[in-house]
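Visitor: Below you will find the structure I want to go over with you.
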Number of protein chains: 4
Amino acid sequence: MSLYEALFHYDALDHIYSDGECVQSMLIFEAALARAEARAGILTEPVARAIGAKCRVEHFDIAELKRMAASAGNAAIPIIKQLTELVAAEDKAAAGFVHWGATSQDAVDTGSVLQLRRALELVDQDLGRMSGELRTIVELYRETPIVARTWMQQAMPTTFGFMVAGWLDAILRQRQRLAELRPRVLVLQFGGAVGTLAAFSGRGLEVAKALTDELHLPLPEMAWHSHRDRMAEVAAFLGLCMGTLGKIARDISLLMQTEIAELSEPAGPGRGGSSTMPHKRNPVTCAVVLAAAVRVPGLVSTMLAAMVQEEERGLGGWQAEWETLPEIVCLTGGALHHLAKMLPGMEVNSERMLLNLELTRGLIFAEAVSAALLKTMGKADAHLLVEKACLKAVEEKKHLKEVLGADPGLQERFEPEEIDRLFETSSYLGNAQQFIERVLEAAAATGTERGEN
Amino acid sequence: MSLYEALFHYDALDHIYSDGECVQSMLIFEAALARAEARAGILTEPVARAIGAKCRVEHFDIAELKRMAASAGNAAIPIIKQLTELVAAEDKAAAGFVHWGATSQDAVDTGSVLQLRRALELVDQDLGRMSGELRTIVELYRETPIVARTWMQQAMPTTFGFMVAGWLDAILRQRQRLAELRPRVLVLQFGGAVGTLAAFSGRGLEVAKALTDELHLPLPEMAWHSHRDRMAEVAAFLGLCMGTLGKIARDISLLMQTEIAELSEPAGPGRGGSSTMPHKRNPVTCAVVLAAAVRVPGLVSTMLAAMVQEEERGLGGWQAEWETLPEIVCLTGGALHHLAKMLPGMEVNSERMLLNLELTRGLIFAEAVSAALLKTMGKADAHLLVEKACLKAVEEKKHLKEVLGADPGLQERFEPEEIDRLFETSSYLGNAQQFIERVLEAAAATGTERGEN
Amino acid sequence: MSLYEALFHYDALDHIYSDGECVQSMLIFEAALARAEARAGILTEPVARAIGAKCRVEHFDIAELKRMAASAGNAAIPIIKQLTELVAAEDKAAAGFVHWGATSQDAVDTGSVLQLRRALELVDQDLGRMSGELRTIVELYRETPIVARTWMQQAMPTTFGFMVAGWLDAILRQRQRLAELRPRVLVLQFGGAVGTLAAFSGRGLEVAKALTDELHLPLPEMAWHSHRDRMAEVAAFLGLCMGTLGKIARDISLLMQTEIAELSEPAGPGRGGSSTMPHKRNPVTCAVVLAAAVRVPGLVSTMLAAMVQEEERGLGGWQAEWETLPEIVCLTGGALHHLAKMLPGMEVNSERMLLNLELTRGLIFAEAVSAALLKTMGKADAHLLVEKACLKAVEEKKHLKEVLGADPGLQERFEPEEIDRLFETSSYLGNAQQFIERVLEAAAATGTERGEN
Amino acid sequence: MSLYEALFHYDALDHIYSDGECVQSMLIFEAALARAEARAGILTEPVARAIGAKCRVEHFDIAELKRMAASAGNAAIPIIKQLTELVAAEDKAAAGFVHWGATSQDAVDTGSVLQLRRALELVDQDLGRMSGELRTIVELYRETPIVARTWMQQAMPTTFGFMVAGWLDAILRQRQRLAELRPRVLVLQFGGAVGTLAAFSGRGLEVAKALTDELHLPLPEMAWHSHRDRMAEVAAFLGLCMGTLGKIARDISLLMQTEIAELSEPAGPGRGGSSTMPHKRNPVTCAVVLAAAVRVPGLVSTMLAAMVQEEERGLGGWQAEWETLPEIVCLTGGALHHLAKMLPGMEVNSERMLLNLELTRGLIFAEAVSAALLKTMGKADAHLLVEKACLKAVEEKKHLKEVLGADPGLQERFEPEEIDRLFETSSYLGNAQQFIERVLEAAAATGTERGEN
């Protein structure tokens, strides 16, 4: 783990993509292959056991694997070489059956799918956890007024719960996408040198089926050595997730600005503080999530560009995936994990939200007033009246309510308390609560637990 | 359509994304909104009719719309302004209800979804057509021998049908993805200024439901003004498609090289020929598809990067989508269309495929020979024998079969006709036919018609 | 110009990349080629004149060119065909010399370089104009206090002029880069079918030299049909520019937020206003610049990816450039133009800047206080004292100055007016003025005019 | 170094970007800062020595640094913390002056510039080495005939030296770019918390100047904390390099195809061979270079997108650079190194080049024939005659020369040996030799050594 990876990744996911686990995943394939071939009568049970016994990463010299990988052109070739030597040391005949009938890419790709299976399980869990945290925030603040901002300008009132329901809604869709792609993507790669399983004299399909049993990975219609849409789909999905996470982090960081101060990441020792600037509460988690959101789109484009692979097994495109996909998984999974973990401690300053709603001295209620006036006058007249009042409020630095209250035209039509009510946030929230309800129902339907906030 | 767009796009899709259809799509939203509001009692039937009557692009001055859009910041504002004037010319009161309660983005996004719905229908049809064409090729050439190439080097024999089955298999997955995303993506955008439908005094949901009826677009859980995963998902899906199309075009262009000459794009007047180089048959369709495959990944990354939008409606991210998504749709849809249309005319030179199988003088059968030897000797011995024979064949420029036939060690173990059989392509195709069958069954299951090849 | 292009592009640049100018640029090449060949004695002056007379876009049917381009695979082939017909109608013999010895790509690339030459001249002018505007702002506000923000949190005082000097400094570097790349990039493309000018029987270099005279374009070492670093370098340079413009627009949009309100884009009819939200001043120019900044990086990656072109002339990569580079030029040039044009009208609210400096009640001066204390106590003690005071100020919602003033430890060491001075912005600006001076000198050195602000 | 990095990177460059060197580079900044401050009288010589003595990475606990970096938000904060503790253990007072007046970003960015300086030196050396190797190949094969291919189809004759001169020409431009950007990019970062060097009470510039002396890094006009064009320019330059390298690797891999076999990567134990497919010589170096060429464009787009940083120090954009730029350097530098190292061993099969020139039975000389005929007949007639002859040659599978020789129309005009000469490659190479000469002169002008081929 490089110096900077420490900021972006997190342990459990990083472990899956460690060198050791990468090698081990290919060894799991090799051991399962031997067992499958034993079941199909290609080799004997003792041979399969002799091979399987050596398929543990502890027996391997990873530094040497790296050196050899550079000239061999992939990591499977040296792994198979070392494995063969290890087996041969105990059982020369068995050594001849190591990796029998498979191609390097079968080991690399299936190993990579096994890693993905574990990684996507973690991502799913964290999407669930995130949904739970967001659900709790929505429920706690569903009626808490906050100003909605469009084009980075105050627009009209909404509630903080409504805002967060939008975040939750997006996360729920991501989880739905993940559920759809897992069965399509998490499949066996097994085709031999050119996809036909030629070395098995016609019994390849039998071996393949035994192998799917061993690894609990479905058998695809055919090998996909140079058809990489499955890997690219995982990348694209994670790119979508990352976009949603980035959006949430952007919102939080905007609401954390000193001048807005509606939200705050949790404080803690060594966490986002600055000894020489004690007033600062740096949004450290947002920084990491936003940085990941800058990085992932380019990596996804690499995975898409890499799809143009040549003939039965490509030159360059496949190799381009090897570090790119793990990086996408670790960046997105890490951002998700860090954000989900930060949320329960996030401070919500609902008092400040109220104060900010007053910053424009009622101007954010102008549309509400116009709408109310329509009951008693034409749209054009209403619009004109409000526009004039707004201008006056700005010029005289008065509250719009005050200006309107002093307008003789309005005094005729509205009781003072009616005017007051127009400037209550709660009067101009439309169907916010129903929309929140719809999202909460969708969350409940996906079995999202409530968060611990 | 710019000078160069002509190469990439195709008419039907281009039409959907013409300026006129873009404006018309927003007008369809405006007319439907008025009708929905009439159904909800917000305005009267005659008002809805007065508005609807003007919602036809022929009444609009598109050049003026463009000029105004530049300072307004989006295209909906000037459209609504022109619409209001058109309605006002006939019915002043009705004009006050144009776009009532909606925000510009409701019109822009729903208009864009309506365009997408039509475009994705075309993409689906062309994926179907493509599957059909590929299916026909698979069936015609399922047993036609061709050499499989890995790392851009001849590897071992396969069949042309098997190769194309890989293409078909990938296209089928793309169509499955499309089916999954359509219901999630093709939904209404309707939230008013900040997503709460505040202007409707609580009756917004009722209007929204009427609007979904009018437009036959489902109602999402809530508005998605600044949650752009739906649009980005379409982009990502098309990026995956483009990768598959690029892979197919790469394969065709490689097999079309003068020195390989196994495939050829159809000839025709003004099509890929060169008057000064009469021997050339330029792969014009491949060029377009490959160029699109270079362009789309970067555009997809733009859509992903654009997802990080601020608060209730973003600044910059949303605007970045406007030209990017249509470009992705037109490039991918165009590439798909052009490739599907070229396939029935593609010339397959199976004679040349046979000749190329002989280029290495039997060396591509070395693995087959080793495998066969295993029946009568150990793996190491078999490997050594074949390796020596290969070296000798290369040095003496003899056919491997000849060298092996002259090897006394082999003469003991094999009848000459057995050796001959080892060098027949059909003896070393493994489970190619079963894999082809699996793909054809999957194609049949999705209702893919047979192509017209 | 599509509906949305209107927002991003601007007229002069858009004109250069119109279909007409694209065709005309290739015709300029064809006419100059004929003249150059006449000078080299390949053809006669009258033939050159007969060809030149028809090299005007008005004679061409652009719609037909597009149709033909789609099947020919590029735009030059149909242009040459139409040109030949036009010439033949008047002078059959001359028609045989149209495009003599050149390849399509010579026309397309040189035409594209001619367009670029004009476009980069506009970009250079706008970089100059932008520098001028920024220089004026720096000079006007070089001592105007504003709070510097890091991690989107208030940090310490700076001046608005210092902030803008950073913008100017970056723009100056961009202009320097442009000056460096122009001579390398703006060169002739002329090599014939495979770069050797074979058709000229050895007199190609003579023709090439005459052609460089005609077009005032230098002759490169050799043709660069499949070496695209020149085009990609333009793209990369514009990508760097776009990053700087995006950074400036991000800053402006952040300082325009309702809660900060230190800057404001100019108001105007139909410009960023909202009839129903009269308080809003939407940052329309920033939106366009930020959107372009989201779009350009992906397009640059396309240009880089497209560089991997095959052999003497590539398949797909070259074609991928055709729309991508113009798009990058128009987006970046447009953003630059719009931003430079907006700057003179940008409102600077220095009063609000002062108010915002007070928002933390003195906490942003904590580092200044610590630094001052160091004269009379150790760093650790100083730090502790300030940290305690800060905490107290936050808890008791008092100004830090007040808390410190009441601290007996400090009263001994500092006169009250000394404490006051610590909280004056001007006391803690370090070398801001000298750095500003350095940037202004660099600006003067590049001949930047003062803006009209 | 991860399992797969081993394939892409190379030792010397990888070492520069190891965790240890990353930390050490920041420590070099901290030590130099202390010395510079001593020179400016901010602190004493003994203090500077006490600090400098601990600025060695061996004293640091890197695992702990990583852990702390994750919550601190960058790597400099924990480094400074450990450094302070190390100094304090020996000299409490000196510890108070560690990192005095600087901000974390000053250390991170200057450290990163120091790493870049070393890395770009290596890149420059390898560009020089590459130029040398290419120059040797150009000189060796400047007259060796090979067929030029356009659109991946045989076009016309050229020489292998001419082809490689194109590669060399592009590499020379890359080196020129590198020379231009180094002085602009390799500069000090030093501004303190917000760029003003406020903590130095006006003596910051003096310290800054002393620091530039210490580090031999020029002083920029002002700090560039949130103006990242320098870092992005390095990325863009490397992206351009990578494009050229990818183009060269694509060419080599195409010419290595079994059916073309004009070039071959060197063989060697464990290098690109396949035990079961003994005829294969996999282009391992090309695979790595092509994979890097797929990966780098997306990473460059990340660097460009990251430029949009907020205010005085950004949130997310800066952090996005940390792993991205080193990755770009290592991938591009690695590809360059591997390719330069492979070139001297690359096998050139000029015999095969000749054979391939004959594959079309003379059709690639059709343009040459047309050109020759023009001396004695009109262009239209010449064209018609050749076209008919070509068609006949294709239909009857005869050599074009034979068909033409039998044409009575030609027999009148040409002596048989004239016809023969038309089909000699050397007769149709135009100005190839002069263009080669121009490139070699440019190479000599940049002081490129001859390679060791």
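Ordering of the structure tokens sets the chain letters (A, B, ...), residue numbers begin anew at 1 in every chain, and ligands are numbered from 1 in the order given.
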Report as number ranges by chain the set of chain A residues whose atoms approach chain D to within 7 Å, with distances computed over only C-alpha atoms.
Guide: A: 2-4, 6-7, 19, 66-67, 69-73, 270-272, 284, 287-288, 290-292, 294-295, 298-299, 301-302, 305-306, 315-317, 319-320, 322-323
Visitor: Could you write out the selected residues, including N, CA and C atoms, as an mmCIF file, in the first residue's frame?
Guide:
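Done, and the output landed in part-v5.cif:
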```
data_model
loop_
_atom_site.group_PDB
_atom_site.id
_atom_site.type_symbol
_atom_site.label_atom_id
_atom_site.label_comp_id
_atom_site.auth_asym_id
_atom_site.auth_seq_id
_atom_site.Cartn_x
_atom_site.Cartn_y
_atom_site.Cartn_z
ATOM 1 N N SER A 2 0.737 2.060 -1.052
ATOM 2 C CA SER A 2 1.593 3.235 -1.153
ATOM 3 C C SER A 2 1.179 4.275 -0.114
ATOM 4 N N LEU A 3 2.096 5.238 0.074
ATOM 5 C CA LEU A 3 1.884 6.298 1.045
ATOM 6 C C LEU A 3 0.501 6.919 0.915
ATOM 7 N N TYR A 4 0.079 7.152 -0.281
ATOM 8 C CA TYR A 4 -1.179 7.860 -0.491
ATOM 9 C C TYR A 4 -2.384 6.937 -0.579
ATOM 10 N N ALA A 6 -3.122 4.874 1.407
ATOM 11 C CA ALA A 6 -3.669 4.805 2.765
ATOM 12 C C ALA A 6 -4.857 5.736 2.951
ATOM 13 N N LEU A 7 -4.862 6.842 2.229
ATOM 14 C CA LEU A 7 -5.983 7.778 2.381
ATOM 15 C C LEU A 7 -7.240 7.292 1.695
ATOM 16 N N ASP A 19 -1.030 -8.456 -3.177
ATOM 17 C CA ASP A 19 -0.333 -9.417 -4.043
ATOM 18 C C ASP A 19 -0.630 -10.851 -3.615
ATOM 19 N N LYS A 66 7.260 -11.640 -9.383
ATOM 20 C CA LYS A 66 7.225 -10.328 -10.027
ATOM 21 C C LYS A 66 8.312 -10.216 -11.088
ATOM 22 N N ARG A 67 9.514 -10.608 -10.700
ATOM 23 C CA ARG A 67 10.606 -10.533 -11.656
ATOM 24 C C ARG A 67 10.282 -11.313 -12.929
ATOM 25 N N ALA A 69 7.336 -12.321 -13.992
ATOM 26 C CA ALA A 69 6.137 -11.830 -14.686
ATOM 27 C C ALA A 69 6.514 -10.799 -15.733
ATOM 28 N N ALA A 70 7.509 -9.984 -15.410
ATOM 29 C CA ALA A 70 7.892 -8.910 -16.321
ATOM 30 C C ALA A 70 8.337 -9.445 -17.670
ATOM 31 N N SER A 71 9.082 -10.553 -17.669
ATOM 32 C CA SER A 71 9.497 -11.035 -18.992
ATOM 33 C C SER A 71 8.504 -12.027 -19.585
ATOM 34 N N ALA A 72 7.738 -12.699 -18.734
ATOM 35 C CA ALA A 72 6.764 -13.655 -19.261
ATOM 36 C C ALA A 72 5.570 -12.929 -19.872
ATOM 37 N N GLY A 73 5.292 -11.764 -19.360
ATOM 38 C CA GLY A 73 4.171 -11.006 -19.914
ATOM 39 C C GLY A 73 2.884 -11.141 -19.129
ATOM 40 N N GLY A 270 -6.232 14.401 15.538
ATOM 41 C CA GLY A 270 -5.511 14.199 14.290
ATOM 42 C C GLY A 270 -6.415 14.151 13.088
ATOM 43 N N ARG A 271 -7.620 14.655 13.222
ATOM 44 C CA ARG A 271 -8.605 14.498 12.152
ATOM 45 C C ARG A 271 -9.065 15.848 11.623
ATOM 46 N N GLY A 272 -8.427 16.275 10.543
ATOM 47 C CA GLY A 272 -8.904 17.449 9.830
ATOM 48 C C GLY A 272 -8.687 18.751 10.571
ATOM 49 N N VAL A 284 -12.146 16.223 5.799
ATOM 50 C CA VAL A 284 -11.171 15.227 5.334
ATOM 51 C C VAL A 284 -11.826 14.099 4.543
ATOM 52 N N ALA A 287 -12.810 15.304 1.176
ATOM 53 C CA ALA A 287 -11.644 15.474 0.299
ATOM 54 C C ALA A 287 -11.290 14.160 -0.376
ATOM 55 N N VAL A 288 -11.282 13.100 0.419
ATOM 56 C CA VAL A 288 -10.937 11.787 -0.128
ATOM 57 C C VAL A 288 -11.991 11.328 -1.143
ATOM 58 N N LEU A 290 -14.104 13.210 -2.859
ATOM 59 C CA LEU A 290 -14.071 14.058 -4.051
ATOM 60 C C LEU A 290 -12.856 13.733 -4.917
ATOM 61 N N ALA A 291 -11.730 13.485 -4.284
ATOM 62 C CA ALA A 291 -10.544 13.122 -5.059
ATOM 63 C C ALA A 291 -10.791 11.818 -5.816
ATOM 64 N N ALA A 292 -11.395 10.850 -5.139
ATOM 65 C CA ALA A 292 -11.706 9.584 -5.820
ATOM 66 C C ALA A 292 -12.672 9.829 -6.974
ATOM 67 N N VAL A 294 -12.776 12.409 -8.801
ATOM 68 C CA VAL A 294 -12.011 12.972 -9.921
ATOM 69 C C VAL A 294 -11.241 11.861 -10.641
ATOM 70 N N ARG A 295 -10.802 10.859 -9.869
ATOM 71 C CA ARG A 295 -9.926 9.841 -10.441
ATOM 72 C C ARG A 295 -10.656 8.733 -11.196
ATOM 73 N N GLY A 298 -11.739 8.729 -15.355
ATOM 74 C CA GLY A 298 -10.672 8.445 -16.308
ATOM 75 C C GLY A 298 -10.318 6.966 -16.319
ATOM 76 N N LEU A 299 -10.350 6.341 -15.146
ATOM 77 C CA LEU A 299 -10.041 4.912 -15.072
ATOM 78 C C LEU A 299 -11.119 4.073 -15.758
ATOM 79 N N SER A 301 -12.881 5.107 -18.267
ATOM 80 C CA SER A 301 -12.685 5.255 -19.715
ATOM 81 C C SER A 301 -11.569 4.332 -20.193
ATOM 82 N N THR A 302 -10.564 4.115 -19.357
ATOM 83 C CA THR A 302 -9.504 3.157 -19.708
ATOM 84 C C THR A 302 -10.075 1.755 -19.893
ATOM 85 N N ALA A 305 -11.941 1.728 -23.157
ATOM 86 C CA ALA A 305 -11.032 1.769 -24.299
ATOM 87 C C ALA A 305 -10.312 0.430 -24.456
ATOM 88 N N ALA A 306 -10.051 -0.229 -23.334
ATOM 89 C CA ALA A 306 -9.320 -1.499 -23.363
ATOM 90 C C ALA A 306 -10.143 -2.636 -23.956
ATOM 91 N N LEU A 315 -3.780 -7.873 -27.393
ATOM 92 C CA LEU A 315 -2.424 -7.401 -27.149
ATOM 93 C C LEU A 315 -2.494 -5.986 -26.582
ATOM 94 N N GLY A 316 -2.368 -5.863 -25.279
ATOM 95 C CA GLY A 316 -2.364 -4.542 -24.675
ATOM 96 C C GLY A 316 -3.639 -4.241 -23.910
ATOM 97 N N GLY A 317 -4.768 -4.530 -24.533
ATOM 98 C CA GLY A 317 -6.040 -4.211 -23.888
ATOM 99 C C GLY A 317 -6.225 -4.994 -22.596
ATOM 100 N N GLN A 319 -3.980 -6.466 -20.730
ATOM 101 C CA GLN A 319 -2.969 -6.065 -19.752
ATOM 102 C C GLN A 319 -3.310 -4.711 -19.115
ATOM 103 N N ALA A 320 -4.010 -3.874 -19.870
ATOM 104 C CA ALA A 320 -4.382 -2.562 -19.334
ATOM 105 C C ALA A 320 -5.389 -2.666 -18.198
ATOM 106 N N TRP A 322 -5.389 -4.935 -15.756
ATOM 107 C CA TRP A 322 -4.899 -5.583 -14.544
ATOM 108 C C TRP A 322 -4.799 -4.672 -13.334
ATOM 109 N N GLU A 323 -4.258 -3.478 -13.518
ATOM 110 C CA GLU A 323 -4.173 -2.581 -12.368
ATOM 111 C C GLU A 323 -5.351 -1.613 -12.318
#
```
Visitor: Could you please write out, as a list of chain:residue names, every residue of stretch 139-273 of chain D that DSSP assigns to strand (DSSP E or B)?
Guide: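 Taking stretch 139-273 of chain D and keeping strand (DSSP E or B) only, one gets D:Pro145, D:Ile146, D:Val147, D:Ala148, D:Arg149, D:Thr150, D:Gln153, D:Gln154, D:Ala155, D:Met156, D:Pro157, D:Thr158, D:Thr159, D:Leu263, D:Ser264.
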Visitor: Interatomic distance between atom CA of B:Val348 and atom CA of B:Gln153?
Guide: 20.4 Å
Visitor: Can you tell me which residues surround A:Lys398 at a distance of at most 12 Å, considering only C-alpha atoms, apart from same-chain residues fewer than 4 positions away, and format the answer as a ChimeraX atom specification?
Guide: /A:358-363,389-394,402-406
Visitor: Give me, as a ChimeraX atom specification, all polymer residues having an atom no more than 8 Å from A:Lys54, counting only C-alpha atoms and skipping those fewer than 4 positions away in the same chain.
Guide: /A:50,59,83,86-87
Visitor: Once you have the residues from the selection above, write them out as a PDB file, in the first residue's frame, restricted to C-alpha atoms.
Guide:
```
ATOM      1  CA  ALA A  50      -0.759 -33.438  -4.856  1.00  0.00           C
ATOM      2  CA  HIS A  59       4.772 -21.642  -0.583  1.00  0.00           C
ATOM      3  CA  LEU A  83       3.624 -24.501  -8.718  1.00  0.00           C
ATOM      4  CA  LEU A  86       6.653 -27.357  -5.908  1.00  0.00           C
ATOM      5  CA  VAL A  87       4.530 -30.295  -6.983  1.00  0.00           C
TER       6      VAL A  87
END
```
Visitor: If we count only C-alpha atoms and set the cut-off at 12 Å, which residues sit around C:Ile419, ignoring sequence neighbours fewer than 5 positions away in its own chain? Please answer as a list in words.
Guide: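 Everything that qualifies: Gly362, Phe365, Ala366, Ala368, Val369, Ser370, Ala372, Leu373, Leu400, Lys401, Glu402, Val403, Leu404, Gly405, Ala406, Asp407, Leu410, Gln411, Glu412, Arg413, Phe414, Glu424 and Ser427 of chain C.
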Visitor: Apply DSSP to the backbone of this structure and, from stretch 268-346 of chain B, keep only the residues in helix (DSSP H, G or I); write these as a PyMOL selection string.
Guide: chain B and resi 284-305+317-345
Visitor: Any idea what's packed within 10 Å of A:Lys341, counting only C-alpha atoms, ignoring anything in its chain fewer than 3 positions away? Could you give it as a list in words?
Guide: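 The neighbour list is Asp126, Arg129, Met130, Glu133, Thr285, Ala335, Leu336, His337, His338, Pro344, Gly345 and Met346 of chain A.
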Visitor: Could those residues be written to a file, using C-alpha atoms, as a PDB file, in the first residue's frame?
Guide:
```
ATOM      1  CA  ASP A 126     -21.375  -0.856   2.487  1.00  0.00           C
ATOM      2  CA  ARG A 129     -24.833   0.378   5.560  1.00  0.00           C
ATOM      3  CA  MET A 130     -24.835   3.690   3.732  1.00  0.00           C
ATOM      4  CA  GLU A 133     -27.286   5.731   7.730  1.00  0.00           C
ATOM      5  CA  THR A 285     -13.614  12.527   4.310  1.00  0.00           C
ATOM      6  CA  ALA A 335     -14.826   6.198  -0.730  1.00  0.00           C
ATOM      7  CA  LEU A 336     -18.067   4.394   0.013  1.00  0.00           C
ATOM      8  CA  HIS A 337     -16.670   2.888   3.174  1.00  0.00           C
ATOM      9  CA  HIS A 338     -15.186   6.126   4.472  1.00  0.00           C
ATOM     10  CA  PRO A 344     -23.194   8.788  11.880  1.00  0.00           C
ATOM     11  CA  GLY A 345     -20.815  11.355  13.344  1.00  0.00           C
ATOM     12  CA  MET A 346     -21.732  14.176  10.971  1.00  0.00           C
TER      13      MET A 346
END
```
Visitor: Find the residues around D:Arg177 up to 9 Å (only C-alpha atoms counted), leave out those fewer than 3 positions away in its own chain, and share them as a ChimeraX atom specification.
Guide: /C:180-181 /D:172-174,180-182,237
Visitor: Could those residues be written to a file, using N, CA and C atoms, as a PDB file, in the first residue's frame?
Guide:
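Writing done, so here's part.pdb:
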```
ATOM      1  N   GLU C 180       5.152  28.717 -27.585  1.00  0.00           N
ATOM      2  CA  GLU C 180       6.119  27.657 -27.875  1.00  0.00           C
ATOM      3  C   GLU C 180       5.608  26.640 -28.883  1.00  0.00           C
ATOM      4  N   LEU C 181       4.336  26.339 -28.803  1.00  0.00           N
ATOM      5  CA  LEU C 181       3.861  25.228 -29.647  1.00  0.00           C
ATOM      6  C   LEU C 181       3.505  25.647 -31.064  1.00  0.00           C
TER       7      LEU C 181
ATOM      8  N   LEU D 172      12.056  12.917 -31.476  1.00  0.00           N
ATOM      9  CA  LEU D 172      12.822  14.161 -31.366  1.00  0.00           C
ATOM     10  C   LEU D 172      11.932  15.322 -30.915  1.00  0.00           C
ATOM     11  N   ARG D 173      10.704  15.350 -31.438  1.00  0.00           N
ATOM     12  CA  ARG D 173       9.789  16.413 -30.995  1.00  0.00           C
ATOM     13  C   ARG D 173       9.454  16.264 -29.514  1.00  0.00           C
ATOM     14  N   GLN D 174       9.302  15.034 -29.078  1.00  0.00           N
ATOM     15  CA  GLN D 174       8.995  14.839 -27.655  1.00  0.00           C
ATOM     16  C   GLN D 174      10.130  15.384 -26.793  1.00  0.00           C
ATOM     17  N   GLU D 180      11.560  22.223 -23.216  1.00  0.00           N
ATOM     18  CA  GLU D 180      10.829  23.468 -22.999  1.00  0.00           C
ATOM     19  C   GLU D 180      10.129  23.517 -21.657  1.00  0.00           C
ATOM     20  N   LEU D 181       9.596  22.387 -21.237  1.00  0.00           N
ATOM     21  CA  LEU D 181       8.756  22.447 -20.026  1.00  0.00           C
ATOM     22  C   LEU D 181       9.551  22.371 -18.731  1.00  0.00           C
ATOM     23  N   ARG D 182      10.749  21.803 -18.779  1.00  0.00           N
ATOM     24  CA  ARG D 182      11.474  21.627 -17.516  1.00  0.00           C
ATOM     25  C   ARG D 182      11.660  22.929 -16.737  1.00  0.00           C
ATOM     26  N   PHE D 237       2.455  16.199 -21.323  1.00  0.00           N
ATOM     27  CA  PHE D 237       3.648  15.872 -22.110  1.00  0.00           C
ATOM     28  C   PHE D 237       3.873  14.361 -22.141  1.00  0.00           C
TER      29      PHE D 237
END
```
